[in-house]
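Undergrad: Below you'll find the structure I mean.
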Amino acid sequence: MRQERLNKKKKLLRGVSLTFLIAILLVILWIIFFKNRSYTREYDNKYFSFKYDTTWKVSKEESSSVSLVHKTDSVVDIKINSLGSNYLNSEIEQIVSEIKFDIEKQNSNYKLLKEEKTSVTNNAYEGYKLLYENGDSQSLIVILRNDNYVCIINYISNNVYFDMLLDSFQFILGSIKLK
């Protein structure tokens with residue numbers, strides 16, 4: 001009788017030990033495969049580079065522009081243009097006023113909500129942020145300038161998703177490096 005109890009306790013101890021060992025093994029496998037997984041990607045071309053999280057996908061790519069699309073149909077367009085000789089020595093305000101004029105001419109239903117001069121990205125480029133609204137969507141246009149180029153970043157999203165995806169867009173914006 002005593003031997004039976006000891007055998008039952010040994011079986012129970014083996015079962016608990018085996019369960020504990022399997023649990024430790026599963027935690028180690030989870031750490032190896034999922035914890036160290038990269039959730040960001042990097043885009044790089046001859047004009048600029050940036051990082052973006054995996055919720056965005058590159059939808060269109062050209063030599064001086066790229067478009068990212070989100071599953072919510074939100075879009076980030078990044079386009080870079082070289083500054084003409086008449087703009088090389090001009091202030092960013094002059095460049096922004098011309099871009100603003102073009103935006104409002106092409107999109108008459110856009111309403112300017114906010115305009116702000118600021119340093120943009122982790123590299124502190126001279127820049128402007130323009131926030132537009134058009135009925136059910138919003139557009140945040142960021143204009144950056146370095147020595148020879150002007151970069152226009154346009155984040156367009158439905159009003160429902162605009163604030164939800166703003167941190168993700170700020171991550172992209174913060175990582176942009178002009179070459």
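In the structure tokens, chains take letters A, B, ... by order of appearance, with residues numbered from 1 within each chain and ligands from 1 in the order shown.
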Residues of chain A classed as strand (DSSP E) by DSSP on the backbone are to be reported as a VMD selection string.
TA: chain A and resid 40 to 44 48 to 53 56 to 62 65 to 70 75 to 82 111 to 120 125 to 134 137 to 145 149 to 158 177 to 178
Undergrad: Which residues, written as a VMD selection string, have at least one atom at most 9 Å from Val142 (chain A), with only C-alpha atoms counted and residues fewer than 4 positions away on the same chain left out?
TA: chain A and resid 120 127 to 131 151 to 155 173
Undergrad: Between A:Gly84, A:Gly15, A:Gly174, A:Gly135, which is the closest to Asn109 (chain A) once you count only C-alpha atoms?
TA: A:Gly135
Undergrad: What are the closest atom pairs, with distances in Å to one decimal, for all residues of region 108-142 of chain A lying within 12 Å of region 45-53 of chain A? Consider only C-alpha atoms, order rows by chain and residue number, and present the result as CSV.
TA:
residue,atom,partner,partner_atom,distance
A:Thr121,CA,A:Phe50,CA,10.1
A:Asn122,CA,A:Phe50,CA,10.9
A:Asn123,CA,A:Phe50,CA,11.7
Undergrad: Could you give me, as a tab-separated table, a per-residue list for region 73-169 of chain A showing, wherever an atom lies at most 7 Å from an atom of region 59-66 of chain A, the closest pair of atoms and their distance in Å to one decimal, using only C-alpha atoms and sorting by chain then residue number from low to high?
TA:
residue	atom	partner	partner_atom	distance
A:Asp77	CA	A:Val66	CA	6.0
A:Ile78	CA	A:Val66	CA	5.4
A:Lys79	CA	A:Ser65	CA	4.2
A:Ile80	CA	A:Ser64	CA	5.5
Undergrad: Please write the residues from the selection above to a file, keeping N, CA and C atoms, as a PDB file, in the first residue's frame.
TA:
ATOM      1  N   ASP A  77       2.517  59.588 -49.180  1.00  0.00           N
ATOM      2  CA  ASP A  77       3.267  59.851 -50.413  1.00  0.00           C
ATOM      3  C   ASP A  77       4.488  60.681 -50.054  1.00  0.00           C
ATOM      4  N   ILE A  78       5.644  60.265 -50.518  1.00  0.00           N
ATOM      5  CA  ILE A  78       6.882  61.005 -50.290  1.00  0.00           C
ATOM      6  C   ILE A  78       7.489  61.300 -51.653  1.00  0.00           C
ATOM      7  N   LYS A  79       7.709  62.580 -51.908  1.00  0.00           N
ATOM      8  CA  LYS A  79       8.259  62.992 -53.200  1.00  0.00           C
ATOM      9  C   LYS A  79       9.351  64.028 -52.954  1.00  0.00           C
ATOM     10  N   ILE A  80      10.434  63.898 -53.697  1.00  0.00           N
ATOM     11  CA  ILE A  80      11.541  64.832 -53.552  1.00  0.00           C
ATOM     12  C   ILE A  80      11.820  65.484 -54.900  1.00  0.00           C
TER      13      ILE A  80
END
Undergrad: Could you check how far CA of Lys117 (chain A) sits from CA of Asp147 (chain A), in Å to one decimal?
TA: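 Separation between CA of Lys117 (chain A) and CA of Asp147 (chain A): 17.4 Å.
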Undergrad: Quick one: everything within 8 Å of Val96 (chain A), counting only C-alpha atoms, minus sequence neighbours fewer than 4 positions away in the same chain. Send it as a PyMOL selection string.
TA: chain A and resi 92+100+128+143
Undergrad: Name the closest residue to Phe171 (chain A) among the candidates A:Arg41, A:Ser97, A:Lys8, A:Leu144; distances are taken between atoms, counting only C-alpha atoms.
TA: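 That would be A:Arg41, the residue with the smallest distance to Phe171 (chain A).
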Undergrad: Closest to Asn81 (chain A) among A:Ile99, A:Leu166, A:Ile24, A:Leu13, using only C-alpha atoms?
TA: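 Looking only at the distances to Asn81 (chain A), the closest residue turns out to be A:Ile99.
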Undergrad: Using only C-alpha atoms for the distances, tell me which of A:Asn158, A:Asp136, A:Ile172, A:Asp167 is nearest to Lys71 (chain A).
TA: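 Of the candidates, the smallest distance to Lys71 (chain A) is held by A:Asn158.
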Undergrad: Quick one: pull the distance between CA of Ser139 (chain A) and CA of Ser90 (chain A), Å, one decimal.
TA: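 CA of Ser139 (chain A) sits 26.0 Å away from CA of Ser90 (chain A).
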Undergrad: For Tyr132 (chain A), which residue among A:Tyr110, A:Tyr149, A:Tyr43, A:Phe33 is the nearest when counting only C-alpha atoms?
TA: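 Comparing A:Tyr110, A:Tyr149, A:Tyr43, A:Phe33 against Tyr132 (chain A), the winner is A:Tyr110.
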Undergrad: Closest to Lys111 (chain A) among A:Val76, A:Leu88, A:Ala23, A:Leu140, using only C-alpha atoms?
TA: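 Counting only C-alpha atoms, the residue closest to Lys111 (chain A) is A:Leu140.
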